[in-house]
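**Student:** File model-v8.csv below, CSV, N, CA and C atoms and all ligand atoms:
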chain,number,residue,atom,x,y,z
D,1,MET,N,0.8,-1.2,0.0
D,1,MET,CA,0.0,0.0,0.0
D,1,MET,C,0.9,1.3,0.0
D,2,ARG,N,2.0,1.2,0.7
D,2,ARG,CA,2.9,2.3,0.8
D,2,ARG,C,3.5,2.6,-0.6
D,3,PHE,N,3.8,1.6,-1.3
D,3,PHE,CA,4.3,1.8,-2.7
D,3,PHE,C,3.3,2.4,-3.6
D,4,ALA,N,2.0,1.8,-3.5
D,4,ALA,CA,0.9,2.3,-4.4
D,4,ALA,C,0.7,3.8,-4.1
D,5,LYS,N,0.7,4.2,-2.9
D,5,LYS,CA,0.5,5.7,-2.6
D,5,LYS,C,1.6,6.6,-3.2
D,6,HIS,N,2.7,6.0,-3.5
D,6,HIS,CA,3.8,6.7,-4.1
D,6,HIS,C,4.0,6.4,-5.6
D,7,GLY,N,2.9,5.9,-6.2
D,7,GLY,CA,2.9,5.7,-7.6
D,7,GLY,C,3.7,4.5,-8.1
D,8,LYS,N,4.0,3.6,-7.2
D,8,LYS,CA,4.7,2.4,-7.6
D,8,LYS,C,3.7,1.3,-7.7
D,9,PRO,N,3.6,0.7,-8.9
D,9,PRO,CA,2.5,-0.3,-9.1
D,9,PRO,C,2.9,-1.7,-8.7
D,10,GLU,N,4.0,-1.9,-8.0
D,10,GLU,CA,4.3,-3.3,-7.6
D,10,GLU,C,3.2,-4.0,-6.8
D,11,LYS,N,3.1,-5.3,-7.0
D,11,LYS,CA,2.1,-6.1,-6.3
D,11,LYS,C,2.8,-7.2,-5.5
D,12,GLY,N,2.2,-7.7,-4.5
D,12,GLY,CA,2.8,-8.7,-3.7
D,12,GLY,C,2.1,-10.1,-4.0
D,13,LEU,N,2.8,-11.1,-3.6
D,13,LEU,CA,2.3,-12.5,-3.8
D,13,LEU,C,2.2,-13.1,-2.4
D,14,LEU,N,1.0,-13.7,-2.1
D,14,LEU,CA,0.9,-14.4,-0.9
D,14,LEU,C,1.2,-15.9,-1.1
D,15,ILE,N,2.2,-16.4,-0.4
D,15,ILE,CA,2.5,-17.9,-0.4
D,15,ILE,C,2.3,-18.4,1.0
D,16,ILE,N,1.3,-19.3,1.1
D,16,ILE,CA,0.9,-19.7,2.4
D,16,ILE,C,1.0,-21.2,2.5
D,17,ASP,N,1.5,-21.7,3.7
D,17,ASP,CA,1.6,-23.1,4.0
D,17,ASP,C,0.2,-23.8,3.8
D,18,ARG,N,0.1,-24.8,3.1
D,18,ARG,CA,-1.2,-25.4,2.8
D,18,ARG,C,-1.7,-26.2,4.0
D,19,ALA,N,-1.0,-26.3,5.1
D,19,ALA,CA,-1.4,-27.0,6.3
D,19,ALA,C,-2.7,-26.5,6.8
D,20,HIS,N,-3.0,-25.2,6.7
D,20,HIS,CA,-4.2,-24.6,7.2
D,20,HIS,C,-4.9,-23.8,6.1
D,21,GLU,N,-5.0,-24.4,4.9
D,21,GLU,CA,-5.5,-23.7,3.7
D,21,GLU,C,-6.9,-23.2,3.9
D,22,ASP,N,-7.8,-23.9,4.4
D,22,ASP,CA,-9.2,-23.5,4.6
D,22,ASP,C,-9.3,-22.2,5.5
D,23,HIS,N,-8.6,-22.3,6.6
D,23,HIS,CA,-8.6,-21.1,7.5
D,23,HIS,C,-8.1,-19.9,6.8
D,24,TYR,N,-7.0,-20.0,6.1
D,24,TYR,CA,-6.4,-18.8,5.4
D,24,TYR,C,-7.3,-18.3,4.2
D,25,ARG,N,-7.9,-19.2,3.5
D,25,ARG,CA,-8.8,-18.8,2.4
D,25,ARG,C,-10.0,-18.0,3.0
D,26,ARG,N,-10.6,-18.4,4.1
D,26,ARG,CA,-11.7,-17.6,4.7
D,26,ARG,C,-11.1,-16.2,5.2
D,27,LEU,N,-10.0,-16.2,5.8
D,27,LEU,CA,-9.4,-15.0,6.3
D,27,LEU,C,-9.1,-14.0,5.2
D,28,ILE,N,-8.5,-14.5,4.1
D,28,ILE,CA,-8.2,-13.6,3.0
D,28,ILE,C,-9.4,-13.1,2.3
D,29,THR,N,-10.4,-13.9,2.2
D,29,THR,CA,-11.7,-13.5,1.6
D,29,THR,C,-12.3,-12.3,2.4
D,30,GLU,N,-12.2,-12.5,3.7
D,30,GLU,CA,-12.7,-11.4,4.6
D,30,GLU,C,-11.8,-10.1,4.5
D,31,PHE,N,-10.5,-10.3,4.4
D,31,PHE,CA,-9.6,-9.1,4.2
D,31,PHE,C,-9.9,-8.4,2.9
D,32,GLN,N,-10.2,-9.2,1.8
D,32,GLN,CA,-10.5,-8.6,0.5
D,32,GLN,C,-11.8,-7.8,0.5
D,33,LYS,N,-12.8,-8.3,1.4
D,33,LYS,CA,-14.1,-7.6,1.4
D,33,LYS,C,-14.0,-6.4,2.4
D,34,SER,N,-13.4,-6.6,3.5
D,34,SER,CA,-13.4,-5.5,4.6
D,34,SER,C,-12.1,-4.8,4.8
D,35,GLY,N,-11.0,-5.3,4.3
D,35,GLY,CA,-9.7,-4.7,4.5
D,35,GLY,C,-9.1,-5.2,5.8
D,36,THR,N,-7.9,-4.8,6.1
D,36,THR,CA,-7.3,-5.2,7.4
D,36,THR,C,-7.1,-3.9,8.3
D,37,LYS,N,-6.5,-4.1,9.4
D,37,LYS,CA,-6.4,-2.9,10.3
D,37,LYS,C,-5.4,-1.9,9.7
D,38,TYR,N,-4.6,-2.4,8.7
D,38,TYR,CA,-3.7,-1.5,8.0
D,38,TYR,C,-4.3,-0.9,6.7
D,39,GLY,N,-5.5,-1.3,6.4
D,39,GLY,CA,-6.2,-0.8,5.2
D,39,GLY,C,-6.6,-1.8,4.2
D,40,TYR,N,-6.9,-1.4,3.0
D,40,TYR,CA,-7.4,-2.3,1.9
D,40,TYR,C,-6.2,-3.2,1.4
D,41,LEU,N,-6.5,-4.5,1.2
D,41,LEU,CA,-5.6,-5.4,0.8
D,41,LEU,C,-5.7,-5.6,-0.7
D,42,GLY,N,-5.3,-4.5,-1.5
D,42,GLY,CA,-5.5,-4.5,-2.9
D,42,GLY,C,-4.3,-4.7,-3.7
D,43,ASN,N,-3.1,-4.8,-3.1
D,43,ASN,CA,-1.9,-4.9,-3.9
D,43,ASN,C,-1.4,-6.3,-3.9
D,44,ILE,N,-2.3,-7.3,-3.8
D,44,ILE,CA,-1.9,-8.7,-3.9
D,44,ILE,C,-2.3,-9.2,-5.3
D,45,VAL,N,-1.4,-9.9,-5.9
D,45,VAL,CA,-1.6,-10.5,-7.2
D,45,VAL,C,-2.5,-11.6,-7.1
D,46,ASP,N,-3.6,-11.6,-7.8
D,46,ASP,CA,-4.5,-12.7,-8.0
D,46,ASP,C,-4.9,-13.3,-6.7
D,47,ILE,N,-4.8,-14.7,-6.6
D,47,ILE,CA,-5.2,-15.4,-5.4
D,47,ILE,C,-4.0,-15.9,-4.6
D,48,PRO,N,-4.1,-16.2,-3.3
D,48,PRO,CA,-3.0,-16.8,-2.6
D,48,PRO,C,-2.5,-18.1,-3.2
D,49,TYR,N,-1.3,-18.4,-3.1
D,49,TYR,CA,-0.7,-19.6,-3.6
D,49,TYR,C,-0.4,-20.5,-2.4
D,50,PHE,N,-1.0,-21.7,-2.3
D,50,PHE,CA,-0.8,-22.6,-1.2
D,50,PHE,C,0.2,-23.6,-1.6
D,51,ALA,N,1.2,-23.9,-0.7
D,51,ALA,CA,2.2,-24.9,-1.0
D,51,ALA,C,2.7,-25.5,0.2
D,52,GLY,N,3.2,-26.7,0.1
D,52,GLY,CA,3.8,-27.4,1.2
D,52,GLY,C,5.1,-26.8,1.5
D,53,CYS,N,5.6,-26.8,2.8
D,53,CYS,CA,6.8,-26.1,3.1
D,53,CYS,C,8.0,-26.6,2.5
D,54,GLN,N,8.0,-27.8,1.9
D,54,GLN,CA,9.1,-28.4,1.2
D,54,GLN,C,9.2,-28.0,-0.2
D,55,ALA,N,8.0,-27.4,-0.7
D,55,ALA,CA,7.9,-27.1,-2.1
D,55,ALA,C,8.5,-25.7,-2.5
D,56,THR,N,8.6,-24.8,-1.6
D,56,THR,CA,9.0,-23.5,-1.9
D,56,THR,C,10.0,-22.9,-0.9
D,57,ARG,N,11.1,-22.3,-1.4
D,57,ARG,CA,12.1,-21.7,-0.5
D,57,ARG,C,11.5,-20.5,0.3
D,58,MET,N,10.4,-19.9,-0.3
D,58,MET,CA,9.9,-18.7,0.4
D,58,MET,C,9.3,-19.1,1.7
D,59,LEU,N,8.6,-20.3,1.8
D,59,LEU,CA,8.1,-20.8,3.1
D,59,LEU,C,9.2,-21.2,4.0
D,60,GLN,N,10.3,-21.7,3.5
D,60,GLN,CA,11.4,-22.1,4.3
D,60,GLN,C,12.0,-20.8,4.9
D,61,ILE,N,12.1,-19.8,4.1
D,61,ILE,CA,12.6,-18.5,4.6
D,61,ILE,C,11.7,-17.9,5.7
D,62,ALA,N,10.4,-18.0,5.5
D,62,ALA,CA,9.4,-17.5,6.5
D,62,ALA,C,9.6,-18.3,7.8
D,63,ASP,N,9.7,-19.7,7.7
D,63,ASP,CA,9.9,-20.5,8.8
D,63,ASP,C,11.2,-20.1,9.6
D,64,HIS,N,12.3,-19.8,8.8
D,64,HIS,CA,13.5,-19.4,9.4
D,64,HIS,C,13.4,-18.1,10.2
D,65,CYS,N,12.7,-17.1,9.6
D,65,CYS,CA,12.4,-15.8,10.2
D,65,CYS,C,11.6,-16.0,11.5
D,66,ALA,N,10.6,-16.8,11.4
D,66,ALA,CA,9.7,-17.1,12.6
D,66,ALA,C,10.6,-17.7,13.7
D,67,TYR,N,11.4,-18.7,13.4
D,67,TYR,CA,12.2,-19.4,14.3
D,67,TYR,C,13.2,-18.4,15.0
D,68,ALA,N,13.9,-17.6,14.1
D,68,ALA,CA,14.9,-16.7,14.6
D,68,ALA,C,14.3,-15.6,15.6
D,69,THR,N,13.1,-15.2,15.2
D,69,THR,CA,12.4,-14.2,16.1
D,69,THR,C,11.9,-14.8,17.4
D,70,PHE,N,11.4,-16.1,17.3
D,70,PHE,CA,11.0,-16.8,18.5
D,70,PHE,C,12.2,-17.0,19.4
D,71,ARG,N,13.3,-17.4,18.9
D,71,ARG,CA,14.5,-17.6,19.7
D,71,ARG,C,15.0,-16.3,20.4
D,72,ARG,N,14.9,-15.2,19.6
D,72,ARG,CA,15.3,-13.9,20.2
D,72,ARG,C,14.4,-13.5,21.4
D,73,TYR,N,13.1,-13.7,21.2
D,73,TYR,CA,12.2,-13.2,22.3
D,73,TYR,C,11.9,-14.2,23.4
D,74,GLU,N,12.0,-15.5,23.1
D,74,GLU,CA,11.7,-16.5,24.1
D,74,GLU,C,13.0,-17.0,24.8
D,75,ASN,N,14.2,-16.9,24.2
D,75,ASN,CA,15.4,-17.5,24.8
D,75,ASN,C,16.5,-16.5,24.8
D,76,ASN,N,16.2,-15.2,24.4
D,76,ASN,CA,17.3,-14.2,24.3
D,76,ASN,C,18.5,-14.7,23.5
D,77,ASP,N,18.2,-15.5,22.5
D,77,ASP,CA,19.3,-16.0,21.6
D,77,ASP,C,19.2,-15.2,20.3
D,78,PHE,N,20.3,-14.4,20.1
D,78,PHE,CA,20.3,-13.5,18.9
D,78,PHE,C,21.0,-14.1,17.7
D,79,THR,N,21.4,-15.4,17.8
D,79,THR,CA,22.3,-16.0,16.8
D,79,THR,C,21.7,-15.8,15.4
D,80,TYR,N,20.4,-16.2,15.2
D,80,TYR,CA,19.8,-16.1,13.9
D,80,TYR,C,19.1,-14.8,13.7
D,81,PHE,N,18.6,-14.2,14.8
D,81,PHE,CA,17.9,-12.9,14.6
D,81,PHE,C,18.8,-11.8,14.1
D,82,ASN,N,20.0,-11.8,14.5
D,82,ASN,CA,20.9,-10.8,14.0
D,82,ASN,C,21.2,-10.9,12.5
D,83,MET,N,20.9,-12.0,11.9
D,83,MET,CA,21.0,-12.2,10.5
D,83,MET,C,19.9,-11.6,9.7
D,84,ILE,N,18.7,-11.4,10.4
D,84,ILE,CA,17.5,-11.0,9.6
D,84,ILE,C,17.0,-9.6,10.1
D,85,ILE,N,17.5,-9.1,11.2
D,85,ILE,CA,16.9,-7.8,11.7
D,85,ILE,C,17.0,-6.7,10.6
D,86,GLY,N,18.1,-6.7,9.9
D,86,GLY,CA,18.3,-5.6,8.8
D,86,GLY,C,17.3,-5.8,7.7
D,87,SER,N,16.6,-6.9,7.6
D,87,SER,CA,15.8,-7.1,6.4
D,87,SER,C,14.3,-6.9,6.7
D,88,PHE,N,13.9,-6.6,7.9
D,88,PHE,CA,12.5,-6.2,8.2
D,88,PHE,C,12.1,-5.0,7.4
D,89,ASP,N,10.8,-4.9,7.0
D,89,ASP,CA,10.3,-3.8,6.2
D,89,ASP,C,10.5,-2.5,7.0
D,90,LYS,N,11.0,-1.5,6.3
D,90,LYS,CA,11.3,-0.2,7.0
D,90,LYS,C,10.7,0.9,6.1
D,91,ARG,N,10.1,1.9,6.7
D,91,ARG,CA,9.6,3.0,6.0
D,91,ARG,C,10.7,4.0,5.7
D,92,SER,N,11.4,4.4,6.7
D,92,SER,CA,12.6,5.3,6.6
D,92,SER,C,13.4,5.1,7.8
D,93,SER,N,14.5,5.6,7.8
D,93,SER,CA,15.5,5.5,8.9
D,93,SER,C,15.7,4.0,9.2
D,94,ASN,N,15.7,3.7,10.5
D,94,ASN,CA,15.9,2.3,10.9
D,94,ASN,C,14.7,1.7,11.6
D,95,LYS,N,13.6,2.4,11.6
D,95,LYS,CA,12.4,1.9,12.3
D,95,LYS,C,11.9,0.7,11.6
D,96,PRO,N,11.9,-0.5,12.2
D,96,PRO,CA,11.5,-1.7,11.6
D,96,PRO,C,9.9,-1.9,11.6
D,97,ASP,N,9.2,-1.3,10.6
D,97,ASP,CA,7.8,-1.4,10.6
D,97,ASP,C,7.3,-2.9,10.5
D,98,GLY,N,8.1,-3.7,9.9
D,98,GLY,CA,7.7,-5.1,9.7
D,98,GLY,C,7.9,-6.0,11.0
D,99,LEU,N,8.3,-5.4,12.1
D,99,LEU,CA,8.5,-6.2,13.3
D,99,LEU,C,7.7,-5.5,14.4
D,100,LYS,N,6.8,-6.1,15.0
D,100,LYS,CA,6.0,-5.6,16.1
D,100,LYS,C,6.2,-6.5,17.3
D,101,HIS,N,6.3,-5.9,18.5
D,101,HIS,CA,6.4,-6.7,19.7
D,101,HIS,C,5.2,-6.3,20.6
D,102,LEU,N,4.3,-7.3,20.8
D,102,LEU,CA,3.1,-7.1,21.5
D,102,LEU,C,3.4,-7.4,23.0
D,103,THR,N,3.6,-6.4,23.8
D,103,THR,CA,4.0,-6.5,25.2
D,103,THR,C,3.3,-5.4,26.0
D,104,THR,N,3.1,-5.7,27.3
D,104,THR,CA,2.6,-4.7,28.2
D,104,THR,C,3.7,-4.0,28.9
D,105,ASP,N,5.0,-4.4,28.7
D,105,ASP,CA,6.1,-3.8,29.2
D,105,ASP,C,6.5,-2.5,28.5
D,106,ARG,N,6.1,-1.4,29.1
D,106,ARG,CA,6.3,-0.1,28.4
D,106,ARG,C,7.8,0.3,28.4
D,107,ASN,N,8.6,-0.4,29.2
D,107,ASN,CA,10.0,-0.1,29.2
D,107,ASN,C,10.9,-1.0,28.4
D,108,CYS,N,10.2,-1.8,27.6
D,108,CYS,CA,11.0,-2.8,26.7
D,108,CYS,C,11.8,-2.0,25.8
D,109,THR,N,13.1,-2.4,25.6
D,109,THR,CA,14.0,-1.7,24.7
D,109,THR,C,14.4,-2.6,23.5
D,110,CYS,N,13.6,-3.6,23.2
D,110,CYS,CA,14.0,-4.4,22.1
D,110,CYS,C,13.9,-3.6,20.8
D,111,GLU,N,14.4,-4.2,19.7
D,111,GLU,CA,14.5,-3.5,18.4
D,111,GLU,C,13.1,-3.0,18.0
D,112,ALA,N,12.1,-3.7,18.2
D,112,ALA,CA,10.7,-3.2,17.8
D,112,ALA,C,10.2,-2.1,18.6
D,113,CYS,N,10.4,-2.2,19.9
D,113,CYS,CA,9.9,-1.2,20.9
D,113,CYS,C,10.7,0.1,20.9
D,114,HIS,N,12.0,-0.1,20.6
D,114,HIS,CA,12.9,1.1,20.7
D,114,HIS,C,12.4,2.3,20.0
D,115,TRP,N,11.7,2.1,18.8
D,115,TRP,CA,11.3,3.3,18.0
D,115,TRP,C,9.8,3.6,18.2
D,116,ARG,N,9.2,3.0,19.2
D,116,ARG,CA,7.7,3.3,19.4
D,116,ARG,C,7.5,4.7,19.7
Q,1,ZN,ZN,9.9,-5.0,22.8
If you convert what's in this file into structure tokens, what do you get?

**Tutor:**
Amino acid sequence: MRFAKHGKPEKGLLIIDRAHEDHYRRLITEFQKSGTKYGYLGNIVDIPYFAGCQATRMLQIADHCAYATFRRYENNDFTYFNMIIGSFDKRSSNKPDGLKHLTTDRNCTCEACHWR
């Protein structure tokens, strides 16, 4: 959506693990009708692509990112997280818009909360 607002017509592709295909089909249909909390979901190409996690490297990368983030927040292990922190979506400067930390700790100084 940010690109579209700046005249860039790029579209995104959703690649989703087929393990929960029915749930995600319903969710995406709802998003396409009503939008998300971030706005209209209109910059997605066609329909979502469902694949087994062994069939596409994109799902393997997503699993790696989820695992690295889990290890960082649950075990304070930065080994893999430090490899991906620079790749989270950013609007400008170093604020990682693509990383949110849902916590009640208002004093948290993690990478996501630091720029709140
Ligand atoms: Zn935090």

**Student:** Please provide as a list in words all residues within 6.5 Å of stretch 81-94 of chain D, with the sequence filter that same-chain residues fewer than 6 positions apart are discarded (counting all atoms listed in the file).

**Tutor:**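 Near stretch 81-94 of chain D, the qualifying residues are Ala68, Thr69 and Arg72 of chain D.
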
**Student:** Among stretch 49-79 of chain D, which ones does DSSP place in helix (DSSP H, G or I), written as a ChimeraX atom specification?

**Tutor:** /D:57-75

**Student:** At a cut-off of 6.5 Å, can you tabulate as a tab-separated table every residue of chain D near ligand ZN 1 (chain Q) together with its closest atom pair and the distance in Å to one decimal, using only N, CA and C atoms and all ligand atoms and ordering rows by chain then number?

**Tutor:**
residue	atom	partner	partner_atom	distance
D:His101	CA	Q:ZN1	ZN	5.0
D:Leu102	N	Q:ZN1	ZN	6.4
D:Cys108	CA	Q:ZN1	ZN	4.6
D:Thr109	N	Q:ZN1	ZN	5.0
D:Cys110	N	Q:ZN1	ZN	4.0
D:Glu111	N	Q:ZN1	ZN	5.5
D:Ala112	C	Q:ZN1	ZN	5.1
D:Cys113	N	Q:ZN1	ZN	4.1
D:His114	N	Q:ZN1	ZN	5.8

**Student:** Pick out the closest residue to D:Asp46 from this set: D:Pro96, D:Arg2, D:Thr104, D:Gly12. Count all atoms listed in the file.

**Tutor:**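 Of D:Pro96, D:Arg2, D:Thr104, D:Gly12, the one nearest D:Asp46, counting all atoms listed in the file, is D:Gly12.
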
**Student:** Between atom N of D:Leu14 and atom CA of D:Gln54, what distance in Å does the model show, to one decimal?

**Tutor:**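 These atoms are spaced 17.1 Å apart.
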
**Student:** I'd like to know which residues of chain D are strand (DSSP E) (by DSSP, run on the backbone); could you write them as number ranges by chain?

**Tutor:** D: 15-17, 49-51

**Student:** When you look at D:Gly52 with a cut-off of 10 Å (counting only C-alpha atoms), what residues show up, excluding the ones that are within fewer than 5 positions of it in the same chain? I need them as a list in words.

**Tutor:**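 So the residues in contact are Ile15, Ile16, Asp17, Arg18, Ala19, Leu59 and Gln60 of chain D.
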
**Student:** Which value, in Å to one decimal, gives the distance between atom C of D:Glu74 and atom C of D:Leu99?

**Tutor:**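 Atom-to-atom, atom C of D:Glu74 to atom C of D:Leu99, that is 16.4 Å.
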
**Student:** Hey, what's within 10 Å of stretch 27-38 of chain D if we count only C-alpha atoms and toss same-chain stuff fewer than 6 positions away? As a compact mmCIF listing (two decimals) with N, CA and C atoms, in the frame of the given file, please?

**Tutor:**
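part.txt, written as the output of this step:
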# COMPACT_ATOMS: atom_id res chain seq x y z
N MET D 1 0.80 -1.20 0.00
CA MET D 1 0.00 0.00 0.00
C MET D 1 0.90 1.30 0.00
N LEU D 14 1.00 -13.70 -2.10
CA LEU D 14 0.90 -14.40 -0.90
C LEU D 14 1.20 -15.90 -1.10
N GLU D 21 -5.00 -24.40 4.90
CA GLU D 21 -5.50 -23.70 3.70
C GLU D 21 -6.90 -23.20 3.90
N ILE D 44 -2.30 -7.30 -3.80
CA ILE D 44 -1.90 -8.70 -3.90
C ILE D 44 -2.30 -9.20 -5.30
N ILE D 47 -4.80 -14.70 -6.60
CA ILE D 47 -5.20 -15.40 -5.40
C ILE D 47 -4.00 -15.90 -4.60
N PRO D 48 -4.10 -16.20 -3.30
CA PRO D 48 -3.00 -16.80 -2.60
C PRO D 48 -2.50 -18.10 -3.20

**Student:** Grab the atom CA of D:Lys5 to atom CA of D:Gly98 distance for me, in Å with one decimal place.

**Tutor:**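 Distance between the two atoms: 17.9 Å.
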